[in-house]
Amino acid sequence: MTEPKPQTIATWIALANANRVVLEGIEDALKAAGLPRLDWYDALLEIEKAGAAGIRPFDLKERLLLPQYGMSRLLDRMAKAGLVDRQGVENDGRGQIVSLTPEGRSVRRAMWPVYAERLTRSVEGSISQEEASDLARLLNKLAHPES
């Protein structure tokens, strides 16, 4: 087994810490504003992008990279809150289509300014635009090593 170089370990720790700090800041801001968690925003946005036709939970799960049980629980909570509708699929007894309710669209829109402000403060308040571009390029290399 090859041991990682100290720079590799330091990079991994810095990446994990930065992710945690930024996400916690966004979660705290949403909570302070009386809004749902960030995972709700991500799901609402993907459902909204699907348009009037809606989206199947499996496809939503793939876009959000959640485990099946996590997706089911998330959709249950969002449906209970009146943010999404779930309709059965003809000729598919277990299939569903999920779509946004007007309330879901309204909540997603209310969340964005809080999310955007905290994201802006976290990134633009810490690094320059040039550094942000470099960081995005480097992180994309990690995310897509075959490119």
# chains A, B, ... in the order shown; residues from 1 in each chain; ligands from 1

call {"tool": "select_by_dssp", "arguments": {"residues": "range 23-145 of chain A", "states": "alpha helix (DSSP H)", "output": "number ranges by chain"}}
result
A: 23-32, 38-49, 57-64, 68-80, 102-124, 129-143

call {"tool": "write_last_selection", "arguments": {"atoms": "C-alpha atoms", "output": "PDB file, in the first residue's frame"}}
result
ATOM      1  CA  LEU A  23     -22.398  23.941   4.712  1.00  0.00           C
ATOM      2  CA  GLU A  24     -22.889  24.543   8.442  1.00  0.00           C
ATOM      3  CA  GLY A  25     -22.985  28.284   7.799  1.00  0.00           C
ATOM      4  CA  ILE A  26     -25.649  27.876   5.135  1.00  0.00           C
ATOM      5  CA  GLU A  27     -27.659  25.485   7.344  1.00  0.00           C
ATOM      6  CA  ASP A  28     -27.448  27.923  10.276  1.00  0.00           C
ATOM      7  CA  ALA A  29     -28.608  30.840   8.111  1.00  0.00           C
ATOM      8  CA  LEU A  30     -31.553  28.850   6.745  1.00  0.00           C
ATOM      9  CA  LYS A  31     -32.542  27.749  10.246  1.00  0.00           C
ATOM     10  CA  ALA A  32     -32.299  31.317  11.585  1.00  0.00           C
ATOM     11  CA  LEU A  38     -30.294  22.720   2.589  1.00  0.00           C
ATOM     12  CA  ASP A  39     -31.106  19.199   1.345  1.00  0.00           C
ATOM     13  CA  TRP A  40     -34.708  20.377   0.914  1.00  0.00           C
ATOM     14  CA  TYR A  41     -33.503  23.258  -1.264  1.00  0.00           C
ATOM     15  CA  ASP A  42     -31.483  20.927  -3.475  1.00  0.00           C
ATOM     16  CA  ALA A  43     -34.442  18.558  -3.884  1.00  0.00           C
ATOM     17  CA  LEU A  44     -36.923  21.379  -4.531  1.00  0.00           C
ATOM     18  CA  LEU A  45     -34.609  22.874  -7.147  1.00  0.00           C
ATOM     19  CA  GLU A  46     -34.194  19.574  -9.003  1.00  0.00           C
ATOM     20  CA  ILE A  47     -37.938  18.935  -8.909  1.00  0.00           C
ATOM     21  CA  GLU A  48     -38.564  22.464 -10.195  1.00  0.00           C
ATOM     22  CA  LYS A  49     -36.044  21.929 -13.015  1.00  0.00           C
ATOM     23  CA  PRO A  57     -37.868   9.554  -7.217  1.00  0.00           C
ATOM     24  CA  PHE A  58     -35.170   7.307  -8.693  1.00  0.00           C
ATOM     25  CA  ASP A  59     -34.033  10.063 -11.059  1.00  0.00           C
ATOM     26  CA  LEU A  60     -34.126  12.615  -8.258  1.00  0.00           C
ATOM     27  CA  LYS A  61     -32.047  10.277  -6.075  1.00  0.00           C
ATOM     28  CA  GLU A  62     -29.426  10.035  -8.818  1.00  0.00           C
ATOM     29  CA  ARG A  63     -29.221  13.820  -9.161  1.00  0.00           C
ATOM     30  CA  LEU A  64     -28.902  14.323  -5.409  1.00  0.00           C
ATOM     31  CA  GLN A  68     -32.957   5.263  -1.426  1.00  0.00           C
ATOM     32  CA  TYR A  69     -34.100   5.384   2.210  1.00  0.00           C
ATOM     33  CA  GLY A  70     -32.873   8.978   2.470  1.00  0.00           C
ATOM     34  CA  MET A  71     -34.814   9.987  -0.629  1.00  0.00           C
ATOM     35  CA  SER A  72     -37.988   8.322   0.590  1.00  0.00           C
ATOM     36  CA  ARG A  73     -37.765  10.051   3.974  1.00  0.00           C
ATOM     37  CA  LEU A  74     -36.994  13.402   2.400  1.00  0.00           C
ATOM     38  CA  LEU A  75     -39.956  13.147   0.022  1.00  0.00           C
ATOM     39  CA  ASP A  76     -42.235  12.021   2.859  1.00  0.00           C
ATOM     40  CA  ARG A  77     -41.297  15.071   4.939  1.00  0.00           C
ATOM     41  CA  MET A  78     -41.631  17.431   1.985  1.00  0.00           C
ATOM     42  CA  ALA A  79     -45.025  15.983   1.035  1.00  0.00           C
ATOM     43  CA  LYS A  80     -46.226  16.277   4.639  1.00  0.00           C
ATOM     44  CA  PRO A 102     -47.077  26.249  -5.457  1.00  0.00           C
ATOM     45  CA  GLU A 103     -46.003  26.261  -1.786  1.00  0.00           C
ATOM     46  CA  GLY A 104     -42.905  24.232  -2.672  1.00  0.00           C
ATOM     47  CA  ARG A 105     -41.974  26.720  -5.374  1.00  0.00           C
ATOM     48  CA  SER A 106     -42.514  29.593  -2.933  1.00  0.00           C
ATOM     49  CA  VAL A 107     -40.376  27.978  -0.228  1.00  0.00           C
ATOM     50  CA  ARG A 108     -37.563  27.227  -2.705  1.00  0.00           C
ATOM     51  CA  ARG A 109     -37.601  30.840  -3.859  1.00  0.00           C
ATOM     52  CA  ALA A 110     -37.565  32.095  -0.257  1.00  0.00           C
ATOM     53  CA  MET A 111     -34.574  29.885   0.536  1.00  0.00           C
ATOM     54  CA  TRP A 112     -32.390  31.069  -2.330  1.00  0.00           C
ATOM     55  CA  PRO A 113     -31.577  34.618  -1.094  1.00  0.00           C
ATOM     56  CA  VAL A 114     -30.521  33.244   2.311  1.00  0.00           C
ATOM     57  CA  TYR A 115     -28.461  30.486   0.685  1.00  0.00           C
ATOM     58  CA  ALA A 116     -26.927  32.855  -1.882  1.00  0.00           C
ATOM     59  CA  GLU A 117     -26.008  35.494   0.707  1.00  0.00           C
ATOM     60  CA  ARG A 118     -24.258  32.976   2.941  1.00  0.00           C
ATOM     61  CA  LEU A 119     -22.507  31.328  -0.011  1.00  0.00           C
ATOM     62  CA  THR A 120     -21.326  34.716  -1.257  1.00  0.00           C
ATOM     63  CA  ARG A 121     -20.076  35.689   2.187  1.00  0.00           C
ATOM     64  CA  SER A 122     -18.298  32.347   2.652  1.00  0.00           C
ATOM     65  CA  VAL A 123     -16.540  32.281  -0.713  1.00  0.00           C
ATOM     66  CA  GLU A 124     -16.187  35.892  -1.828  1.00  0.00           C
ATOM     67  CA  GLN A 129     -12.396  35.671  -7.833  1.00  0.00           C
ATOM     68  CA  GLU A 130      -9.141  34.501  -9.394  1.00  0.00           C
ATOM     69  CA  GLU A 131      -8.550  32.142  -6.459  1.00  0.00           C
ATOM     70  CA  ALA A 132     -12.154  30.942  -6.724  1.00  0.00           C
ATOM     71  CA  SER A 133     -11.634  30.155 -10.406  1.00  0.00           C
ATOM     72  CA  ASP A 134      -8.409  28.289  -9.636  1.00  0.00           C
ATOM     73  CA  LEU A 135     -10.060  26.367  -6.813  1.00  0.00           C
ATOM     74  CA  ALA A 136     -13.026  25.408  -9.007  1.00  0.00           C
ATOM     75  CA  ARG A 137     -10.649  24.207 -11.713  1.00  0.00           C
ATOM     76  CA  LEU A 138      -8.649  22.129  -9.232  1.00  0.00           C
ATOM     77  CA  LEU A 139     -11.736  20.649  -7.573  1.00  0.00           C
ATOM     78  CA  ASN A 140     -13.139  19.738 -10.976  1.00  0.00           C
ATOM     79  CA  LYS A 141      -9.907  17.864 -11.657  1.00  0.00           C
ATOM     80  CA  LEU A 142     -10.489  15.857  -8.470  1.00  0.00           C
ATOM     81  CA  ALA A 143     -14.137  15.251  -9.361  1.00  0.00           C
TER      82      ALA A 143
END

call {"tool": "select_by_dssp", "arguments": {"residues": "range 12-145 of chain A", "states": "strand (DSSP E or B)", "output": "PyMOL selection string"}}
result
chain A and resi 55+84-89+92-100

call {"tool": "write_last_selection", "arguments": {"atoms": "N, CA and C atoms", "output": "short mmCIF file (atom, residue, chain, number, x, y, z; two decimals), in the first residue's frame"}}
result
data_model
loop_
_atom_site.label_atom_id
_atom_site.label_comp_id
_atom_site.auth_asym_id
_atom_site.auth_seq_id
_atom_site.Cartn_x
_atom_site.Cartn_y
_atom_site.Cartn_z
N ILE A 55 -40.75 14.50 -11.78
CA ILE A 55 -39.57 13.64 -11.83
C ILE A 55 -39.83 12.40 -11.00
N VAL A 84 -44.46 19.18 -2.04
CA VAL A 84 -44.44 18.35 -3.24
C VAL A 84 -45.71 17.50 -3.29
N ASP A 85 -46.07 17.15 -4.50
CA ASP A 85 -47.15 16.19 -4.75
C ASP A 85 -46.53 14.94 -5.32
N ARG A 86 -47.11 13.80 -4.95
CA ARG A 86 -46.66 12.53 -5.52
C ARG A 86 -47.87 11.87 -6.17
N GLN A 87 -47.71 11.56 -7.44
CA GLN A 87 -48.76 10.91 -8.21
C GLN A 87 -48.29 9.54 -8.65
N GLY A 88 -49.20 8.59 -8.67
CA GLY A 88 -48.86 7.27 -9.17
C GLY A 88 -48.64 7.30 -10.68
N VAL A 89 -47.88 6.32 -11.16
CA VAL A 89 -47.60 6.21 -12.58
C VAL A 89 -48.47 5.10 -13.15
N ASP A 92 -47.64 1.17 -13.52
CA ASP A 92 -46.48 0.93 -12.66
C ASP A 92 -46.95 1.12 -11.22
N GLY A 93 -47.35 0.03 -10.61
CA GLY A 93 -47.95 0.08 -9.29
C GLY A 93 -47.10 0.74 -8.22
N ARG A 94 -45.79 0.66 -8.37
CA ARG A 94 -44.92 1.25 -7.36
C ARG A 94 -44.32 2.58 -7.81
N GLY A 95 -44.48 2.93 -9.06
CA GLY A 95 -43.87 4.15 -9.59
C GLY A 95 -44.60 5.41 -9.16
N GLN A 96 -43.85 6.48 -9.06
CA GLN A 96 -44.39 7.78 -8.70
C GLN A 96 -43.73 8.87 -9.54
N ILE A 97 -44.47 9.94 -9.67
CA ILE A 97 -43.93 11.18 -10.23
C ILE A 97 -44.08 12.24 -9.15
N VAL A 98 -43.00 12.95 -8.90
CA VAL A 98 -42.99 14.00 -7.89
C VAL A 98 -42.96 15.34 -8.59
N SER A 99 -43.81 16.25 -8.14
CA SER A 99 -43.82 17.60 -8.70
C SER A 99 -43.97 18.61 -7.57
N LEU A 100 -43.58 19.84 -7.84
CA LEU A 100 -43.68 20.90 -6.85
C LEU A 100 -45.11 21.40 -6.73
#

call {"tool": "decode", "arguments": {"residues": "range 100-129 of chain A", "atoms": "N, CA and C atoms", "output": "tab-separated table (two decimals), in the first residue's frame"}}
result
chain	number	residue	atom	x	y	z
A	100	LEU	N	-43.58	19.84	-7.84
A	100	LEU	CA	-43.68	20.90	-6.85
A	100	LEU	C	-45.11	21.40	-6.73
A	101	THR	N	-45.49	21.73	-5.52
A	101	THR	CA	-46.73	22.46	-5.30
A	101	THR	C	-46.39	23.95	-5.39
A	102	PRO	N	-47.38	24.81	-5.50
A	102	PRO	CA	-47.08	26.25	-5.46
A	102	PRO	C	-46.34	26.63	-4.17
A	103	GLU	N	-46.69	25.99	-3.06
A	103	GLU	CA	-46.00	26.26	-1.79
A	103	GLU	C	-44.53	25.83	-1.87
A	104	GLY	N	-44.28	24.70	-2.50
A	104	GLY	CA	-42.90	24.23	-2.67
A	104	GLY	C	-42.08	25.21	-3.49
A	105	ARG	N	-42.67	25.73	-4.54
A	105	ARG	CA	-41.97	26.72	-5.37
A	105	ARG	C	-41.69	27.98	-4.56
A	106	SER	N	-42.67	28.40	-3.76
A	106	SER	CA	-42.51	29.59	-2.93
A	106	SER	C	-41.42	29.40	-1.88
A	107	VAL	N	-41.39	28.25	-1.24
A	107	VAL	CA	-40.38	27.98	-0.23
A	107	VAL	C	-38.99	27.94	-0.87
A	108	ARG	N	-38.86	27.29	-2.02
A	108	ARG	CA	-37.56	27.23	-2.70
A	108	ARG	C	-37.07	28.62	-3.04
A	109	ARG	N	-37.98	29.46	-3.52
A	109	ARG	CA	-37.60	30.84	-3.86
A	109	ARG	C	-37.23	31.65	-2.62
A	110	ALA	N	-37.89	31.39	-1.50
A	110	ALA	CA	-37.56	32.10	-0.26
A	110	ALA	C	-36.21	31.65	0.29
A	111	MET	N	-35.84	30.41	0.03
A	111	MET	CA	-34.57	29.88	0.54
A	111	MET	C	-33.37	30.45	-0.21
A	112	TRP	N	-33.54	30.70	-1.51
A	112	TRP	CA	-32.39	31.07	-2.33
A	112	TRP	C	-31.66	32.33	-1.85
A	113	PRO	N	-32.34	33.43	-1.52
A	113	PRO	CA	-31.58	34.62	-1.09
A	113	PRO	C	-30.74	34.37	0.17
A	114	VAL	N	-31.25	33.57	1.09
A	114	VAL	CA	-30.52	33.24	2.31
A	114	VAL	C	-29.30	32.39	1.96
A	115	TYR	N	-29.52	31.39	1.15
A	115	TYR	CA	-28.46	30.49	0.69
A	115	TYR	C	-27.40	31.28	-0.08
A	116	ALA	N	-27.85	32.10	-1.03
A	116	ALA	CA	-26.93	32.86	-1.88
A	116	ALA	C	-26.10	33.84	-1.07
A	117	GLU	N	-26.73	34.51	-0.11
A	117	GLU	CA	-26.01	35.49	0.71
A	117	GLU	C	-24.92	34.81	1.52
A	118	ARG	N	-25.24	33.69	2.12
A	118	ARG	CA	-24.26	32.98	2.94
A	118	ARG	C	-23.15	32.38	2.07
A	119	LEU	N	-23.50	31.86	0.91
A	119	LEU	CA	-22.51	31.33	-0.01
A	119	LEU	C	-21.56	32.44	-0.48
A	120	THR	N	-22.13	33.57	-0.83
A	120	THR	CA	-21.33	34.72	-1.26
A	120	THR	C	-20.38	35.16	-0.15
A	121	ARG	N	-20.91	35.27	1.06
A	121	ARG	CA	-20.08	35.69	2.19
A	121	ARG	C	-18.96	34.67	2.45
A	122	SER	N	-19.29	33.39	2.37
A	122	SER	CA	-18.30	32.35	2.65
A	122	SER	C	-17.19	32.31	1.61
A	123	VAL	N	-17.55	32.40	0.34
A	123	VAL	CA	-16.54	32.28	-0.71
A	123	VAL	C	-15.92	33.64	-1.02
A	124	GLU	N	-16.72	34.59	-1.41
A	124	GLU	CA	-16.19	35.89	-1.83
A	124	GLU	C	-15.58	36.67	-0.67
A	125	GLY	N	-16.00	36.35	0.55
A	125	GLY	CA	-15.43	37.01	1.71
A	125	GLY	C	-14.09	36.41	2.12
A	126	SER	N	-13.73	35.29	1.51
A	126	SER	CA	-12.50	34.60	1.92
A	126	SER	C	-11.44	34.53	0.83
A	127	ILE	N	-11.85	34.44	-0.41
A	127	ILE	CA	-10.89	34.31	-1.50
A	127	ILE	C	-11.28	35.21	-2.66
A	128	SER	N	-10.28	35.56	-3.47
A	128	SER	CA	-10.53	36.42	-4.63
A	128	SER	C	-11.25	35.63	-5.73
A	129	GLN	N	-11.74	36.34	-6.71
A	129	GLN	CA	-12.40	35.67	-7.83
A	129	GLN	C	-11.40	34.82	-8.61
